[in-house]
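Here's the structure we're looking at; comments come further down.
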Amino acid sequence: MKTGIQANRLRRAAAVALTTGAVLAAGALTAAPAQALATPSIAAKGGYAMNNANGSTLFAKKADTRLSTGSTTKIMTAKVVLAQRNLNLDAKVTIQKAYSDYVVRNNASQAHLIVGDKVTVRQLLYGLMLPSGCDAAYALADKFGSGKTRDARVKSFVGKMNAAAKDLKLKNTHFDSFDGIGRGNNYSTPRDLTKIASSAMRNSTFRSIVKTKSYRAKTVTRTGSTRTMATWTNTNTLLGSYRGAIGVKTGSGPEAKYCLVFAATKGNKTVIGTVLASTSVNQRATDATRILNYGFSRLH
């Protein structure tokens, strides 16, 4: 009898040793930190992440608190453009002096578009999403808004952005600009922005653009010659630092601080999320990385 008990104990000890060994081996293989399952601490005022497949929440910190969105607003700008009926991505838009004056006046991020150049809608979308060009945003709003004056067209386009937010049933989002340089009434929440990005990511053109690290546009000058623009580099550093990163968009500003809407795929799983009002460019990437690691650990 005693021998049987000892044998059982030995078997149990061996099983525990094997299990522990397997866990340690798995940990070594995935290089997952020991605290991977602990809810991460982030510097950002608000954060949110979800399983892109079904919308289930993976992480939330003040997920429904209204905050300034900075240039993450441009996700909706692109979404509205790509939703236009019979959209021709190769249609050319002539760059107006008003777009150039606007970015200079606001000291805004720009794609350095040159007045008089003809730039395709596709190129404008790259200029919007990679270097976060407010000049590209203005050109797109002017092109796809309706009205007899530029101001009327811009107002119409921003109206389309708000209509799209309403269609997504977002209660805590409002846009008063096409690029995030608002007049104090441009806001969203980590949860809402994540939903906007998830919806935008259903479009294959959008997906291709936001995962691109750099892009060089060839535009047509006013004399008809071809101009090769300086390279546009994606401001989303996760594309180079986080394995599986596929987007989406940075944002910053005096009120917005440092924002990042992010997405990454591992195997057949995609985690998508947002951090708003982080403390620096590096910290927003760190915040996003922590949330992504945590999100994927919850999906296993």
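Identifiers for the structure tokens are assigned positionally: chains receive A, B, ... in sequence, residues are indexed from 1 per chain, and ligands are indexed from 1 in the order shown.
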Residues at most 12 Å from Pro131 in chain A, counting only C-alpha atoms, excluding those fewer than 2 positions away in the same chain, as a PyMOL selection string? chain A and resi 71+74+108-113+123-129+133-137+209-210+212-216+230-237+249-251
Contacts of Thr221 in chain A at 9 Å (only C-alpha atoms; same-chain gap of 5+ positions) as a ChimeraX atom specification: /A:114-119,226-227
Tell me which protein, DNA and RNA residues are within 10 Å of range 169-183 of chain A, counting only C-alpha atoms, leaving out same-chain ones fewer than 2 positions away, and put them as a VMD selection string. chain A and resid 64 to 78 106 108 to 109 128 132 to 142 154 to 155 157 to 167 185 to 193 195 to 196 251 to 253 256
Can you pull out every residue within 6 Å of Phe262 in chain A, counting only C-alpha atoms, but drop anything in the same chain fewer than 2 positions away, and send it as a list in words?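 Contacts, with the query itself left out: Gly247, Val248, Ile272 and Gly273 of chain A.
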Which residue out of A:Ser208, A:Ser156, A:Gln96, A:Asn54 has the minimum interatomic distance to Leu130 in chain A when only C-alpha atoms are used? A:Ser208
Counting only C-alpha atoms, figure out which residue out of A:Phe296, A:Tyr258, A:Phe59, A:Tyr242 gets nearest to Pro40 in chain A. A:Phe59
Mind pulling up the distance from CA of Ser278 in chain A to CA of Lys266 in chain A? 25.2 Å
Mind dumping a table of every range 185-232 of chain A residue within 12 Å of range 86-92 of chain A, with the nearest atom pair and its distance in Å to one decimal, using only C-alpha atoms, sorted by chain and rising number, as JSON lines?
{"residue": "A:Thr205", "atom": "CA", "partner": "A:Leu89", "partner_atom": "CA", "distance": 9.5}
{"residue": "A:Phe206", "atom": "CA", "partner": "A:Leu89", "partner_atom": "CA", "distance": 11.7}
{"residue": "A:Lys218", "atom": "CA", "partner": "A:Lys92", "partner_atom": "CA", "distance": 11.9}
{"residue": "A:Thr219", "atom": "CA", "partner": "A:Lys92", "partner_atom": "CA", "distance": 9.3}
{"residue": "A:Val220", "atom": "CA", "partner": "A:Lys92", "partner_atom": "CA", "distance": 9.1}
{"residue": "A:Thr221", "atom": "CA", "partner": "A:Lys92", "partner_atom": "CA", "distance": 11.5}
